[in-house]
Amino acid sequence: MDKTVDNSDAQTIWKAISLTYVEYPKGDFIGCLLAWSSLAPFMLLVSFLSQILLRRDLHTIFFFIGFFINEGVNMILKYTIKESRPMVGRPNLHNEYGMPSSHSQFMWFFATYITLFLFLRLYRNHSMIDDLWKVVCATLAVLLAICVSWSRVYLLYHTVGQVICGAIVGCLVSGLWFAAVVLLISPVFPIFANCGVGEFLMLRDSTVIPHVLWFEYTCSRSEARSRQRKMSSRKSQ
């Protein structure tokens, strides 16, 4: 159920979204929307877990590992800098340190990595529509990162400086991790995929496939048509 929090440092009544600890000023429609947007990191983590369980792609797995490395860097910086949040003593916070913003760092890590992946790692297109699709996806990721970052300032979880610092650190960690995955880890993907554990877990190395979506689509369609022909021939006998 929704709950109301009356902070001692202000007259604003803060209301938490059901089943979460994200608060927004009661009656503030924009604040409510921004509070929901600040849940984007959790939604992305669930999406990544679903993708990993369904597709078992190694690059997706290492992208996901990068989130935890990014979070580790954030915690180290938080407990090293020890800068307080704008509203000290605010309920429903696991710690009072706010520099840098973990939400901002998470979202800019995601936005930077997905942009680099789309334009440097993913297949090179000869179609303007496919190229436009990349631009749209990258733009949406950046806009979502901006929205979440703004929400942390608007809802008084962080200062502007804490959010900007989180964005810069997230971009730097993302760029370094992307370079490490592409240059150092990707070359050993075949070893991971072909070892006993990799085969048991059905891990995939899609690095050498230029257009994974098209490849999976054509393979699935071809297999479905082949099975349909076999079923039709059995029925006719």
# chains A, B, ... in the order shown; residues from 1 in each chain; ligands from 1
$ residues_around --residues "A:Ile65" --least-positions-apart "3" --cutoff "12 Å" --atoms "only C-alpha atoms" --output "NGL selection string"
:A and (45 or 48-49 or 52 or 58-62 or 68-72 or 109-110 or 174 or 177-178 or 181)
$ write_last_selection --atoms "N, CA, C and O atoms" --output "PDB file, in the first residue's frame"
ATOM      1  N   LEU A  45      17.415  -4.557 -15.067  1.00  0.00           N
ATOM      2  CA  LEU A  45      18.030  -5.759 -14.518  1.00  0.00           C
ATOM      3  C   LEU A  45      17.148  -6.984 -14.751  1.00  0.00           C
ATOM      4  O   LEU A  45      17.648  -8.056 -15.119  1.00  0.00           O
ATOM      5  N   PHE A  48      17.404  -7.927 -18.416  1.00  0.00           N
ATOM      6  CA  PHE A  48      18.661  -8.602 -18.724  1.00  0.00           C
ATOM      7  C   PHE A  48      18.649 -10.046 -18.231  1.00  0.00           C
ATOM      8  O   PHE A  48      19.122 -10.957 -18.926  1.00  0.00           O
ATOM      9  N   LEU A  49      18.120 -10.268 -17.032  1.00  0.00           N
ATOM     10  CA  LEU A  49      18.033 -11.633 -16.517  1.00  0.00           C
ATOM     11  C   LEU A  49      17.162 -12.501 -17.425  1.00  0.00           C
ATOM     12  O   LEU A  49      17.493 -13.663 -17.695  1.00  0.00           O
ATOM     13  N   ILE A  52      19.153 -13.283 -20.579  1.00  0.00           N
ATOM     14  CA  ILE A  52      20.215 -14.262 -20.321  1.00  0.00           C
ATOM     15  C   ILE A  52      19.633 -15.660 -20.203  1.00  0.00           C
ATOM     16  O   ILE A  52      20.178 -16.625 -20.761  1.00  0.00           O
ATOM     17  N   LEU A  58      26.752 -14.789 -24.638  1.00  0.00           N
ATOM     18  CA  LEU A  58      27.882 -14.431 -23.778  1.00  0.00           C
ATOM     19  C   LEU A  58      28.080 -12.921 -23.671  1.00  0.00           C
ATOM     20  O   LEU A  58      28.425 -12.419 -22.601  1.00  0.00           O
ATOM     21  N   HIS A  59      27.877 -12.200 -24.775  1.00  0.00           N
ATOM     22  CA  HIS A  59      28.063 -10.745 -24.690  1.00  0.00           C
ATOM     23  C   HIS A  59      27.011 -10.123 -23.773  1.00  0.00           C
ATOM     24  O   HIS A  59      27.307  -9.206 -23.005  1.00  0.00           O
ATOM     25  N   THR A  60      25.784 -10.628 -23.820  1.00  0.00           N
ATOM     26  CA  THR A  60      24.749 -10.133 -22.923  1.00  0.00           C
ATOM     27  C   THR A  60      25.111 -10.424 -21.470  1.00  0.00           C
ATOM     28  O   THR A  60      24.899  -9.589 -20.577  1.00  0.00           O
ATOM     29  N   ILE A  61      25.670 -11.600 -21.223  1.00  0.00           N
ATOM     30  CA  ILE A  61      26.078 -11.971 -19.871  1.00  0.00           C
ATOM     31  C   ILE A  61      27.157 -11.028 -19.353  1.00  0.00           C
ATOM     32  O   ILE A  61      27.095 -10.550 -18.205  1.00  0.00           O
ATOM     33  N   PHE A  62      28.146 -10.713 -20.196  1.00  0.00           N
ATOM     34  CA  PHE A  62      29.217  -9.831 -19.742  1.00  0.00           C
ATOM     35  C   PHE A  62      28.760  -8.378 -19.658  1.00  0.00           C
ATOM     36  O   PHE A  62      29.291  -7.604 -18.860  1.00  0.00           O
ATOM     37  N   PHE A  68      27.335  -4.864 -12.267  1.00  0.00           N
ATOM     38  CA  PHE A  68      27.808  -5.112 -10.903  1.00  0.00           C
ATOM     39  C   PHE A  68      29.168  -4.457 -10.667  1.00  0.00           C
ATOM     40  O   PHE A  68      29.449  -3.969  -9.560  1.00  0.00           O
ATOM     41  N   ILE A  69      30.008  -4.460 -11.689  1.00  0.00           N
ATOM     42  CA  ILE A  69      31.293  -3.756 -11.562  1.00  0.00           C
ATOM     43  C   ILE A  69      31.039  -2.265 -11.379  1.00  0.00           C
ATOM     44  O   ILE A  69      31.660  -1.604 -10.533  1.00  0.00           O
ATOM     45  N   ASN A  70      30.121  -1.729 -12.165  1.00  0.00           N
ATOM     46  CA  ASN A  70      29.758  -0.322 -12.062  1.00  0.00           C
ATOM     47  C   ASN A  70      29.216   0.010 -10.673  1.00  0.00           C
ATOM     48  O   ASN A  70      29.550   1.037 -10.080  1.00  0.00           O
ATOM     49  N   GLU A  71      28.370  -0.867 -10.137  1.00  0.00           N
ATOM     50  CA  GLU A  71      27.806  -0.654  -8.802  1.00  0.00           C
ATOM     51  C   GLU A  71      28.898  -0.722  -7.732  1.00  0.00           C
ATOM     52  O   GLU A  71      28.868   0.034  -6.754  1.00  0.00           O
ATOM     53  N   GLY A  72      29.861  -1.627  -7.927  1.00  0.00           N
ATOM     54  CA  GLY A  72      30.978  -1.714  -6.983  1.00  0.00           C
ATOM     55  C   GLY A  72      31.790  -0.431  -6.963  1.00  0.00           C
ATOM     56  O   GLY A  72      32.186   0.052  -5.881  1.00  0.00           O
ATOM     57  N   PHE A 109      25.831   4.284 -17.512  1.00  0.00           N
ATOM     58  CA  PHE A 109      26.585   3.086 -17.890  1.00  0.00           C
ATOM     59  C   PHE A 109      25.823   2.339 -18.970  1.00  0.00           C
ATOM     60  O   PHE A 109      26.386   1.955 -20.000  1.00  0.00           O
ATOM     61  N   PHE A 110      24.517   2.139 -18.746  1.00  0.00           N
ATOM     62  CA  PHE A 110      23.682   1.430 -19.718  1.00  0.00           C
ATOM     63  C   PHE A 110      23.619   2.177 -21.049  1.00  0.00           C
ATOM     64  O   PHE A 110      23.808   1.584 -22.118  1.00  0.00           O
ATOM     65  N   SER A 174      31.648   2.414 -18.262  1.00  0.00           N
ATOM     66  CA  SER A 174      31.043   1.724 -19.393  1.00  0.00           C
ATOM     67  C   SER A 174      32.002   1.629 -20.577  1.00  0.00           C
ATOM     68  O   SER A 174      32.142   0.564 -21.187  1.00  0.00           O
ATOM     69  N   TRP A 177      34.764  -0.873 -19.713  1.00  0.00           N
ATOM     70  CA  TRP A 177      34.283  -2.250 -19.693  1.00  0.00           C
ATOM     71  C   TRP A 177      33.951  -2.739 -21.098  1.00  0.00           C
ATOM     72  O   TRP A 177      34.238  -3.891 -21.447  1.00  0.00           O
ATOM     73  N   PHE A 178      33.384  -1.878 -21.922  1.00  0.00           N
ATOM     74  CA  PHE A 178      33.097  -2.254 -23.315  1.00  0.00           C
ATOM     75  C   PHE A 178      34.395  -2.597 -24.037  1.00  0.00           C
ATOM     76  O   PHE A 178      34.469  -3.602 -24.762  1.00  0.00           O
ATOM     77  N   VAL A 181      35.645  -5.974 -22.817  1.00  0.00           N
ATOM     78  CA  VAL A 181      34.862  -7.099 -23.343  1.00  0.00           C
ATOM     79  C   VAL A 181      35.198  -7.359 -24.805  1.00  0.00           C
ATOM     80  O   VAL A 181      35.437  -8.498 -25.206  1.00  0.00           O
TER      81      VAL A 181
END
$ residues_around --residues "A:Ile146" --least-positions-apart "3" --cutoff "12 Å" --atoms "only C-alpha atoms" --output "list of chain:residue names"
A:Leu34, A:Ser37, A:Ser38, A:Ala40, A:His103, A:Ser104, A:Gln105, A:Phe106, A:Met107, A:Trp108, A:Phe110, A:Ala111, A:Thr139, A:Leu140, A:Ala141, A:Val142, A:Leu143, A:Ser149, A:Trp150, A:Ser151, A:Arg152, A:Val153, A:Val163, A:Ile164, A:Gly166, A:Ala167
$ atom_distance --atom1 "atom CA of A:Ser206" --atom2 "atom CA of A:Leu132"
22.7 Å
$ closest_residue --among "A:Glu223, A:Asp28, A:Asp131, A:Asp57" --to "A:Met202" --atoms "only C-alpha atoms"
A:Asp57
$ atom_distance --atom1 "atom CA of A:Gly198" --atom2 "atom CA of A:Trp214"
23.9 Å
$ select_by_dssp --residues "stretch 62-215 of chain A" --states "alpha helix (DSSP H)" --output "ChimeraX atom specification"
/A:62-81,102-116,128-154,160-180,189-194,196-201,212-215
$ closest_residue --among "A:Gln51, A:Ser232, A:Thr218, A:Gln162" --to "A:Asn74" --atoms "only C-alpha atoms"
A:Gln162
$ atom_distance --atom1 "atom CA of A:Tyr154" --atom2 "atom CA of A:Met75"
22.4 Å
$ closest_residue --among "A:Thr115, A:Lys26, A:Leu203, A:Ser226" --to "A:Arg55" --atoms "only C-alpha atoms"
A:Leu203
